[in-house]
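> Next comes the structure file upload.cif, holding mmCIF, C-alpha atoms and all ligand atoms.
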data_final
#
loop_
_atom_site.group_PDB
_atom_site.id
_atom_site.type_symbol
_atom_site.label_atom_id
_atom_site.label_comp_id
_atom_site.auth_asym_id
_atom_site.auth_seq_id
_atom_site.Cartn_x
_atom_site.Cartn_y
_atom_site.Cartn_z
ATOM 1 C CA MET Q 1 0.000 0.000 0.000
ATOM 2 C CA PRO Q 2 1.415 3.423 -0.863
ATOM 3 C CA GLU Q 3 1.995 5.632 2.085
ATOM 4 C CA ILE Q 4 3.164 9.081 3.012
ATOM 5 C CA VAL Q 5 5.652 9.289 5.847
ATOM 6 C CA ARG Q 6 5.990 12.604 7.621
ATOM 7 C CA THR Q 7 8.436 13.138 10.436
ATOM 8 C CA LYS Q 8 7.849 15.941 12.884
ATOM 9 C CA THR Q 9 10.889 17.933 13.984
ATOM 10 C CA THR Q 10 10.957 19.147 17.563
ATOM 11 C CA ARG Q 11 13.589 21.572 18.793
ATOM 12 C CA TYR Q 12 14.650 21.408 22.422
ATOM 13 C CA ALA Q 13 16.527 24.353 23.902
ATOM 14 C CA ILE Q 14 19.172 22.940 26.236
ATOM 15 C CA GLU Q 15 19.880 25.112 29.257
ATOM 16 C CA TRP Q 16 22.563 23.098 31.033
ATOM 17 C CA VAL Q 17 24.414 19.786 30.868
ATOM 18 C CA LYS Q 18 25.495 17.549 33.724
ATOM 19 C CA LEU Q 19 28.154 15.190 32.371
ATOM 20 C CA GLU Q 20 28.214 12.785 35.317
ATOM 21 C CA PHE Q 21 24.568 12.198 36.106
ATOM 22 C CA LEU Q 22 23.959 8.542 37.011
ATOM 23 C CA PRO Q 23 25.241 5.139 35.930
ATOM 24 C CA PHE Q 24 22.863 3.111 33.781
ATOM 25 C CA ASP Q 25 22.802 0.201 36.199
ATOM 26 C CA GLU Q 26 20.325 -2.184 37.812
ATOM 27 C CA LYS Q 27 19.565 0.271 40.619
ATOM 28 C CA PHE Q 28 18.750 3.083 38.183
ATOM 29 C CA ARG Q 29 16.530 0.826 36.088
ATOM 30 C CA ALA Q 30 14.674 -0.502 39.170
ATOM 31 C CA VAL Q 31 14.042 2.980 40.601
ATOM 32 C CA ARG Q 32 12.980 4.280 37.204
ATOM 33 C CA GLN Q 33 10.572 1.410 36.629
ATOM 34 C CA ARG Q 34 8.971 1.934 40.029
ATOM 35 C CA HIS Q 35 8.318 5.629 39.450
ATOM 36 C CA ARG Q 36 7.787 5.984 35.733
ATOM 37 C CA SER Q 37 6.118 4.135 32.949
ATOM 38 C CA THR Q 38 9.179 4.194 30.707
ATOM 39 C CA THR Q 39 12.875 3.693 31.254
ATOM 40 C CA PRO Q 40 14.994 5.125 28.458
ATOM 41 C CA SER Q 41 17.751 2.738 27.508
ATOM 42 C CA ARG Q 42 19.457 4.842 24.865
ATOM 43 C CA CYS Q 43 20.839 8.320 24.364
ATOM 44 C CA TYR Q 44 18.078 10.821 23.536
ATOM 45 C CA ILE Q 45 20.288 12.502 20.937
ATOM 46 C CA CYS Q 46 22.267 9.796 19.089
ATOM 47 C CA HIS Q 47 20.050 6.811 20.083
ATOM 48 C CA ARG Q 48 23.034 4.676 20.995
ATOM 49 C CA PRO Q 49 21.990 2.135 23.662
ATOM 50 C CA PHE Q 50 23.559 2.682 27.081
ATOM 51 C CA ALA Q 51 25.898 -0.099 28.193
ATOM 52 C CA ASP Q 52 25.266 -1.632 31.601
ATOM 53 C CA GLY Q 53 26.975 0.561 34.194
ATOM 54 C CA GLU Q 54 27.717 3.366 31.710
ATOM 55 C CA MET Q 55 27.752 6.876 33.199
ATOM 56 C CA MET Q 56 24.909 8.857 31.661
ATOM 57 C CA ALA Q 57 24.823 12.622 31.206
ATOM 58 C CA LEU Q 58 21.716 14.779 31.623
ATOM 59 C CA ALA Q 59 20.645 17.661 29.399
ATOM 60 C CA GLY Q 60 18.541 20.299 31.161
ATOM 61 C CA CYS Q 61 15.519 21.197 29.112
ATOM 62 C CA ARG Q 62 12.220 22.900 30.017
ATOM 63 C CA ARG Q 63 10.309 20.197 28.168
ATOM 64 C CA GLY Q 64 11.742 17.552 30.484
ATOM 65 C CA ASN Q 65 15.397 16.760 31.097
ATOM 66 C CA LYS Q 66 16.931 14.262 28.662
ATOM 67 C CA LEU Q 67 19.234 11.341 29.393
ATOM 68 C CA ILE Q 68 22.108 11.433 26.942
ATOM 69 C CA CYS Q 69 25.485 9.769 26.478
ATOM 70 C CA ARG Q 70 28.622 11.550 27.600
ATOM 71 C CA ALA Q 71 29.859 12.047 24.022
ATOM 72 C CA CYS Q 72 26.679 13.980 23.174
ATOM 73 C CA GLY Q 73 27.023 15.839 26.492
ATOM 74 C CA GLU Q 74 30.566 16.881 25.519
ATOM 75 C CA THR Q 75 29.302 18.116 22.143
ATOM 76 C CA LEU Q 76 26.639 20.256 23.841
ATOM 77 C CA LEU Q 77 29.202 21.675 26.277
ATOM 78 C CA ALA Q 78 31.502 22.549 23.364
ATOM 79 C CA GLU Q 79 28.572 24.404 21.758
ATOM 80 C CA PHE Q 80 27.966 26.316 25.005
ATOM 81 C CA ARG Q 81 31.669 27.262 25.146
ATOM 82 C CA ALA Q 82 31.616 28.391 21.505
ATOM 83 C CA GLU Q 83 28.558 30.565 22.241
ATOM 84 C CA VAL Q 84 30.299 32.172 25.217
ATOM 85 C CA ARG Q 85 33.430 32.800 23.113
ATOM 86 C CA ALA Q 86 31.355 34.382 20.340
ATOM 87 C CA LYS Q 87 29.589 36.608 22.860
ATOM 88 C CA ASP Q 88 32.913 37.643 24.473
ATOM 89 C CA GLU Q 89 34.325 38.423 21.045
ATOM 90 C CA GLN Q 90 31.289 40.545 20.196
ATOM 91 C CA GLU Q 91 31.575 42.472 23.459
ATOM 92 C CA ARG Q 92 35.291 43.092 22.852
ATOM 93 C CA MET Q 93 34.510 44.488 19.374
ATOM 94 C CA MET Q 94 31.843 46.782 20.853
ATOM 95 C CA ALA Q 95 34.248 48.037 23.541
ATOM 96 C CA GLU Q 96 37.025 48.894 21.064
HETATM 97 ZN ZN ZN E 1 24.539 10.254 22.430
#
Re-express the file's structure as structure tokens.

Amino acid sequence: MPEIVRTKTTRYAIEWVKLEFLPFDEKFRAVRQRHRSTTPSRCYICHRPFADGEMMALAGCRRGNKLICRACGETLLAEFRAEVRAKDEQERMMAE
């Protein structure tokens, strides 16, 4: 049957990143299952599955914080640093 597939794009503004949030271990999964209906098992950004015991990072977002892998966390932090550098540069140009 022919079909049309449409994918919705959602943009999440990230406000902060915690690189060392929690390990993806049995304790985390048990607590999560007790309190929530779903337990994410992969990075929200790159979708790579978390390995057992892997340290997860957390991205702060008004639409609900997102569990992410550390590599994605590092990428976000680099973007934050680049933004700060660009802002500093702009302020220096204005001051001159
Ligand atoms: Zn990732």
> Check what the PyMOL selection byres (((chain Q and resi 56) around 12) and not hetatm) selects in the file above and give those residues as a ChimeraX atom specification.
/Q:17-25,28,40-44,48-55,57-59,66-74
> Just the selected residues (C-alpha atoms), exported as an mmCIF file, in the frame of the given file, please.

data_model
loop_
_atom_site.group_PDB
_atom_site.id
_atom_site.type_symbol
_atom_site.label_atom_id
_atom_site.label_comp_id
_atom_site.auth_asym_id
_atom_site.auth_seq_id
_atom_site.Cartn_x
_atom_site.Cartn_y
_atom_site.Cartn_z
ATOM 1 C CA VAL Q 17 24.414 19.786 30.868
ATOM 2 C CA LYS Q 18 25.495 17.549 33.724
ATOM 3 C CA LEU Q 19 28.154 15.190 32.371
ATOM 4 C CA GLU Q 20 28.214 12.785 35.317
ATOM 5 C CA PHE Q 21 24.568 12.198 36.106
ATOM 6 C CA LEU Q 22 23.959 8.542 37.011
ATOM 7 C CA PRO Q 23 25.241 5.139 35.930
ATOM 8 C CA PHE Q 24 22.863 3.111 33.781
ATOM 9 C CA ASP Q 25 22.802 0.201 36.199
ATOM 10 C CA PHE Q 28 18.750 3.083 38.183
ATOM 11 C CA PRO Q 40 14.994 5.125 28.458
ATOM 12 C CA SER Q 41 17.751 2.738 27.508
ATOM 13 C CA ARG Q 42 19.457 4.842 24.865
ATOM 14 C CA CYS Q 43 20.839 8.320 24.364
ATOM 15 C CA TYR Q 44 18.078 10.821 23.536
ATOM 16 C CA ARG Q 48 23.034 4.676 20.995
ATOM 17 C CA PRO Q 49 21.990 2.135 23.662
ATOM 18 C CA PHE Q 50 23.559 2.682 27.081
ATOM 19 C CA ALA Q 51 25.898 -0.099 28.193
ATOM 20 C CA ASP Q 52 25.266 -1.632 31.601
ATOM 21 C CA GLY Q 53 26.975 0.561 34.194
ATOM 22 C CA GLU Q 54 27.717 3.366 31.710
ATOM 23 C CA MET Q 55 27.752 6.876 33.199
ATOM 24 C CA ALA Q 57 24.823 12.622 31.206
ATOM 25 C CA LEU Q 58 21.716 14.779 31.623
ATOM 26 C CA ALA Q 59 20.645 17.661 29.399
ATOM 27 C CA LYS Q 66 16.931 14.262 28.662
ATOM 28 C CA LEU Q 67 19.234 11.341 29.393
ATOM 29 C CA ILE Q 68 22.108 11.433 26.942
ATOM 30 C CA CYS Q 69 25.485 9.769 26.478
ATOM 31 C CA ARG Q 70 28.622 11.550 27.600
ATOM 32 C CA ALA Q 71 29.859 12.047 24.022
ATOM 33 C CA CYS Q 72 26.679 13.980 23.174
ATOM 34 C CA GLY Q 73 27.023 15.839 26.492
ATOM 35 C CA GLU Q 74 30.566 16.881 25.519
#
> Could you please determine the separation between CA of Ile45 in chain Q and CA of Ile4 in chain Q in Å, to one decimal place?
25.0 Å
> From the options Q:Ala78, Q:Met1, Q:Val31, Q:Cys61, which residue's atoms come nearest to Trp16 in chain Q, counting all atoms listed in the file?
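Looking only at the distances to Trp16 in chain Q, the closest residue turns out to be Q:Cys61.
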> For a test of reading the model, state the distance in Å between CA of Phe80 in chain Q and CA of Ala13 in chain Q, rounded to one decimal.
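These atoms are spaced 11.7 Å apart.
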> Which is closest to ligand ZN 1 (chain E) among Q:Cys46, Q:Ile14, Q:Ala30, Q:Val5, if we use all atoms listed in the file?
Q:Cys46
> Ranking Q:Lys87, Q:His47, Q:Arg92, Q:His35 by minimum distance to ligand ZN 1 (chain E) and counting all atoms listed in the file, which one comes first?
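Checking each of Q:Lys87, Q:His47, Q:Arg92, Q:His35 against ligand ZN 1 (chain E), counting all atoms listed in the file, the winner is Q:His47.
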> What's the separation between CA of Gly60 in chain Q and CA of Glu15 in chain Q, in Å to one decimal place?
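Atom-to-atom, CA of Gly60 in chain Q to CA of Glu15 in chain Q, that is 5.3 Å.
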